[in-house]
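Encoded as structure tokens, the structure appears first; notes follow it.
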Amino acid sequence: MKGVKPLVFKKGGQKRFGKGFSLNELKAAGITATEARKLGIPIDVRRKTAHEENIRILNELIKTSEIPNESKSGKSKSGKAEK
């Protein structure tokens with residue numbers, strides 16, 4: 001996932017690679033910022049736009065990778081022992 005870079009448009013309409021995906025693009029793709037960080041997807045909180053090309057890239061990434069589920073591990077926390 002480290003090689004994934006979003007496209008950002010300059011003022012003249014030229015494309016360049018950005019720092020990370022915007023929160024609106026993540027929301028449109030159906031993942032949260034926490035899930036994106038776990039998958040190694042870069043996030044740029046300063047960006048506000050949601051480009052269709054970046055949303056398509058995120059949807060393809062979601063299909064190819066599996067989002068890990070959080071599971072409880074360790075001992076169960078119980079209160080005082082009853083007599």
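For the structure tokens, the naming scheme is as follows: chains receive sequential letters (A, B, ...) according to their order of presentation, residues are indexed from 1 within each chain, and ligands are indexed from 1 in presentation order.
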
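Neighbouring residues of Arg46 in chain A at 8 Å or closer, counting only C-alpha atoms and skipping chain neighbours under 2 positions away, are Ser22, Asp44 and Lys48 of chain A.
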
Taking the DSSP secondary structure from the backbone, can you list the residues of range 11-50 of chain A that are helix (DSSP H, G or I), as number ranges by chain?
A: 23-29, 33-39

Please produce a file of those selected residues containing N, CA and C atoms, as a PDB file, in the first residue's frame.
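The result, stored in selection.pdb:
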ATOM      1  N   LEU A  23     -10.201  13.268   3.573  1.00  0.00           N
ATOM      2  CA  LEU A  23     -11.185  12.573   4.396  1.00  0.00           C
ATOM      3  C   LEU A  23     -12.498  12.382   3.633  1.00  0.00           C
ATOM      4  N   ASN A  24     -12.830  13.326   2.748  1.00  0.00           N
ATOM      5  CA  ASN A  24     -14.048  13.183   1.932  1.00  0.00           C
ATOM      6  C   ASN A  24     -13.925  12.028   0.944  1.00  0.00           C
ATOM      7  N   GLU A  25     -12.736  11.798   0.413  1.00  0.00           N
ATOM      8  CA  GLU A  25     -12.524  10.667  -0.494  1.00  0.00           C
ATOM      9  C   GLU A  25     -12.632   9.348   0.261  1.00  0.00           C
ATOM     10  N   LEU A  26     -12.092   9.306   1.464  1.00  0.00           N
ATOM     11  CA  LEU A  26     -12.200   8.092   2.278  1.00  0.00           C
ATOM     12  C   LEU A  26     -13.660   7.814   2.630  1.00  0.00           C
ATOM     13  N   LYS A  27     -14.396   8.869   2.973  1.00  0.00           N
ATOM     14  CA  LYS A  27     -15.805   8.715   3.327  1.00  0.00           C
ATOM     15  C   LYS A  27     -16.614   8.213   2.132  1.00  0.00           C
ATOM     16  N   ALA A  28     -16.323   8.737   0.943  1.00  0.00           N
ATOM     17  CA  ALA A  28     -17.034   8.308  -0.265  1.00  0.00           C
ATOM     18  C   ALA A  28     -16.710   6.860  -0.620  1.00  0.00           C
ATOM     19  N   ALA A  29     -15.503   6.406  -0.269  1.00  0.00           N
ATOM     20  CA  ALA A  29     -15.113   5.023  -0.543  1.00  0.00           C
ATOM     21  C   ALA A  29     -15.643   4.064   0.519  1.00  0.00           C
ATOM     22  N   ALA A  33     -10.940   6.878   8.704  1.00  0.00           N
ATOM     23  CA  ALA A  33      -9.529   7.261   8.753  1.00  0.00           C
ATOM     24  C   ALA A  33      -8.717   6.225   9.531  1.00  0.00           C
ATOM     25  N   THR A  34      -9.309   5.639  10.560  1.00  0.00           N
ATOM     26  CA  THR A  34      -8.610   4.621  11.351  1.00  0.00           C
ATOM     27  C   THR A  34      -8.324   3.384  10.511  1.00  0.00           C
ATOM     28  N   GLU A  35      -9.304   2.945   9.739  1.00  0.00           N
ATOM     29  CA  GLU A  35      -9.105   1.779   8.872  1.00  0.00           C
ATOM     30  C   GLU A  35      -8.063   2.069   7.808  1.00  0.00           C
ATOM     31  N   ALA A  36      -8.069   3.285   7.278  1.00  0.00           N
ATOM     32  CA  ALA A  36      -7.089   3.662   6.254  1.00  0.00           C
ATOM     33  C   ALA A  36      -5.676   3.641   6.821  1.00  0.00           C
ATOM     34  N   ARG A  37      -5.521   4.111   8.042  1.00  0.00           N
ATOM     35  CA  ARG A  37      -4.191   4.094   8.669  1.00  0.00           C
ATOM     36  C   ARG A  37      -3.715   2.665   8.904  1.00  0.00           C
ATOM     37  N   LYS A  38      -4.638   1.776   9.285  1.00  0.00           N
ATOM     38  CA  LYS A  38      -4.271   0.372   9.492  1.00  0.00           C
ATOM     39  C   LYS A  38      -3.839  -0.287   8.190  1.00  0.00           C
ATOM     40  N   LEU A  39      -4.452   0.130   7.084  1.00  0.00           N
ATOM     41  CA  LEU A  39      -4.098  -0.430   5.780  1.00  0.00           C
ATOM     42  C   LEU A  39      -2.862   0.225   5.183  1.00  0.00           C
TER      43      LEU A  39
END

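Relative to CA of Lys5 in chain A, CA of Pro42 in chain A is found at 7.7 Å.
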
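The residue that comes closest to Asn59 in chain A, out of A:Gly20, A:Ile31, A:Val45, A:Gly12 and on the basis of only C-alpha atoms, is A:Ile31.
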
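CA of Gly3 in chain A to CA of His51 in chain A spans 18.7 Å [interatomic distance, one decimal].
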
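For the choices A:Gly13, A:Thr32, A:Lys80, A:Leu7, the atom-to-atom distance to Arg47 in chain A is smallest for A:Leu7 when using only C-alpha atoms.
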
Report as a short mmCIF file (atom, residue, chain, number, x, y, z; two decimals) with C-alpha atoms, in the first residue's frame all protein, DNA and RNA residues lying within 9 Å of Leu58 in chain A, evaluated on only C-alpha atoms, omitting residues in the same chain fewer than 3 positions from it.
data_model
loop_
_atom_site.label_atom_id
_atom_site.label_comp_id
_atom_site.auth_asym_id
_atom_site.auth_seq_id
_atom_site.Cartn_x
_atom_site.Cartn_y
_atom_site.Cartn_z
CA PHE A 21 -6.16 11.04 0.30
CA GLU A 25 -12.52 10.67 -0.49
CA LEU A 26 -12.20 8.09 2.28
CA ALA A 29 -15.11 5.02 -0.54
CA ILE A 41 -3.16 4.41 3.08
CA GLU A 53 -10.27 9.11 -9.78
CA ASN A 54 -9.03 8.87 -6.19
CA ILE A 55 -12.30 7.32 -5.01
CA LEU A 61 -7.61 -1.06 -2.87
CA ILE A 62 -10.48 -2.11 -0.62
CA LYS A 63 -11.36 -4.98 -2.96
#

Just the number, please: distance in Å from CA of Ile43 in chain A to CA of Lys19 in chain A, one decimal.
7.3 Å
